[in-house]
Amino acid sequence: MSGPSDQQLMLAVKAGDPTAFEQLYRRYRDRLYAFLVRYTGDAAIAQDLFQETFLRVFRDRARYEPRAAFSTWLFTIARNLFLDSVKKTRIPRTFPVPEAVSRAAPDPSPGPLESLEQREADAVLRRAVASLAEEERAILLLSRFEGLRYAQIGEILGISEGAVKVRAHRALQILRHTLLP
Amino acid sequence: MDCHDAQSQMTAYLSGDLLAEDYRAVEAHVSSCSSCRVELDSFHQLWEALAAFPVGSPDPNLDRRILAQVSAELLDARTVPAAAIRWWGIAVAALAAAALSIGNSVLLPYEVAFQWCSRTLRAYALFADVSDTSFFFVVGTFYGLVPLLVVGLLSGWLLRTRPLIHGTAASLAFAVFVLPYVIIVCSALPAVFTLSLMVGIVVGALSGGVGGFWAGTHRWRLAH
């Protein structure tokens with residue numbers, strides 16, 4: 001990675017440098033938003049949490065310890081805010097399990113039908129991920145999309161690396177059962 | 001490595017979270033075990049399918065809102081530490097307010113203010129039967145409220161934080177400076193009038209102090 005590390009930028013934020021915060025924001029903007037959309041299954045909730053997460057990062061800057069990776073800290077804050085909002089607003093932690101989708105051969109017809117099929121496939125995938133238990137969903141997304149190590153994910157969730165491994169495996173088994181019957 | 005071990009390692013295998021030797025052990029097992037090969041292929045297919053998960057982009061206005069909010073809070077934090085209580089500010093505000101109050105009482109002595117207040121208000125039926133003691137309270141409130149309100153507005157603007165604490169402390173310090181003066185200049189008055197005047201001064205000072213500091217601080221926040 002070129003330029004200052006996340007830790008260096010966060011220390012500069014602690015020292016009161018607004019440009020350092022903006023650099024961190026630009027660096028993690030798309031990743032955090034994508035994680036939140038996948039994790040919550042709702043773009044509007046994701047936008048709210050996205051804003052709250054970055055503001056919380058800034059407001060809690062004095063608590064940041066450079067021992068931990070910035071990404072671990074960021075995703076921990078995002079998850080805790082989601083869990084808080086679940087408690088306050090009764091957002092469901094999981095969603096109804098979708099119908100299993102058979103992997104039929106793709107329809108060769110072009111145009112709107114393809115587009116419709118794609119949207120349906122997207123929706124099925126989204127619902128399948130949303131149907132996982134909250135912890136399993138977080139583990140799967142942090143591992144698959146954020147490339148975080150099980151040890152880091154364990155720090156975020158407050159569980160052991162071994163427990164992360166077991167739940168990651170279970171999450172994939174559930175998804176396979178839902179999507180690849 | 002047996003089938004159970006291999007299958008428990010498959011997710012870590014896909015996410016690249018295995019040691020090199022464990023990675024090689026999984027590879028060796030699946031190359032010789034067709035059921036685990038099928039298991040790993042299906043997990044791999046799923047792993048790749050997840051990449052198609054649509055996410056979109058955040059509202060572009062969010063960038064502006066978040067960065068503007070952070071800049072504003074940083075400016076605020078840099079100008080005045082949020083937790084700071086400015087004792088020197090409280091002392092200066094209390095002294096300035098006491099000087100204003102005592103200056104007012106020299107230009108317009110308490111007894112003169114009382115007579116004017118009593119005469120003017122008693123012209124109205126509502127106040128016709130109000131006691132003299134109450135009018136001394138009203139006069140005291142005026143001598144406490146006005147100086148603290150004026151000084152509090154300016155000080156709140158300068159200190160920009162903790163208006164409740166600053167206002168209360170400045171008002172109480174003001175009372176410490178002013179009340180001995182009141183006792184001395186009102187020595188010829190009945191004690192009940194002096195007491196009523198003093199209570200009025202304290203009540204007015206607290207109201208003016210907290211209100212003035214709050215309005216000054218709030219005005220600064222609105223301007224920035």
# chains A, B, ... in the order shown; residues from 1 in each chain; ligands from 1

$ residues_around --residues "segment 173-187 of chain B" --least-positions-apart "2" --cutoff "12 Å" --atoms "only C-alpha atoms" --output "ChimeraX atom specification"
/B:87-106,109-111,136,140-141,143-145,147-148,151-152,166-171,189-206,208-209

$ select_by_dssp --residues "segment 6-173 of chain A" --states "alpha helix (DSSP H)" --output "VMD selection string"
chain A and resid 6 to 14 18 to 40 43 to 59 70 to 89 112 to 130 134 to 144 150 to 157 161 to 173

$ interface_residues --of "chain A" --to "chain B" --cutoff "9 Å" --atoms "only C-alpha atoms" --output "ChimeraX atom specification"
/A:16-18,21-22,25-26,29-30,33-38,43,46-47,50-52,54-55,58-59,122-123,125-126,129,143-145,147-150,165-166,168-169,172-173,175-176,179-180

$ atom_distance --atom1 "atom CA of Leu142 of chain A" --atom2 "atom CA of Asp2 of chain B"
28.2 Å

$ residues_around --residues "segment 80-82 of chain A" --least-positions-apart "3" --cutoff "12 Å" --atoms "only C-alpha atoms" --output "ChimeraX atom specification"
/A:35-37,39-42,45-57,73-77,85-93,134-135,138,156-158

$ residues_around --residues "Gly211 of chain B" --least-positions-apart "4" --cutoff "7 Å" --atoms "only C-alpha atoms" --output "PyMOL selection string"
chain B and resi 149+207+215

$ write_last_selection --atoms "N, CA and C atoms" --output "JSON list (two decimals), in the first residue's frame"
[["chain", "number", "residue", "atom", "x", "y", "z"],
["B", 149, "LEU", "N", -26.74, 38.63, 32.75],
["B", 149, "LEU", "CA", -27.20, 38.35, 31.39],
["B", 149, "LEU", "C", -26.24, 38.96, 30.37],
["B", 207, "SER", "N", -30.53, 33.11, 37.17],
["B", 207, "SER", "CA", -31.30, 33.07, 35.91],
["B", 207, "SER", "C", -30.51, 33.74, 34.79],
["B", 215, "ALA", "N", -27.10, 31.20, 26.06],
["B", 215, "ALA", "CA", -27.39, 31.90, 24.80],
["B", 215, "ALA", "C", -26.08, 32.26, 24.08]]

$ atom_distance --atom1 "atom CA of Arg63 of chain A" --atom2 "atom CA of Lys14 of chain A"
9.0 Å

$ residues_around --residues "Phe70 of chain A" --least-positions-apart "5" --cutoff "8 Å" --atoms "only C-alpha atoms" --output "mmCIF file with N, CA and C atoms, in the first residue's frame"
data_model
loop_
_atom_site.group_PDB
_atom_site.id
_atom_site.type_symbol
_atom_site.label_atom_id
_atom_site.label_comp_id
_atom_site.auth_asym_id
_atom_site.auth_seq_id
_atom_site.Cartn_x
_atom_site.Cartn_y
_atom_site.Cartn_z
ATOM 1 N N ASP A 6 -2.888 2.767 7.667
ATOM 2 C CA ASP A 6 -4.130 3.109 8.382
ATOM 3 C C ASP A 6 -3.809 3.604 9.788
ATOM 4 N N GLN A 7 -2.879 2.918 10.440
ATOM 5 C CA GLN A 7 -2.538 3.293 11.819
ATOM 6 C C GLN A 7 -1.973 4.707 11.879
ATOM 7 N N MET A 10 -4.763 7.136 11.409
ATOM 8 C CA MET A 10 -5.636 7.229 12.584
ATOM 9 C C MET A 10 -4.949 7.998 13.705
#

$ atom_distance --atom1 "atom CA of Gly3 of chain A" --atom2 "atom CA of Ile153 of chain A"
25.7 Å
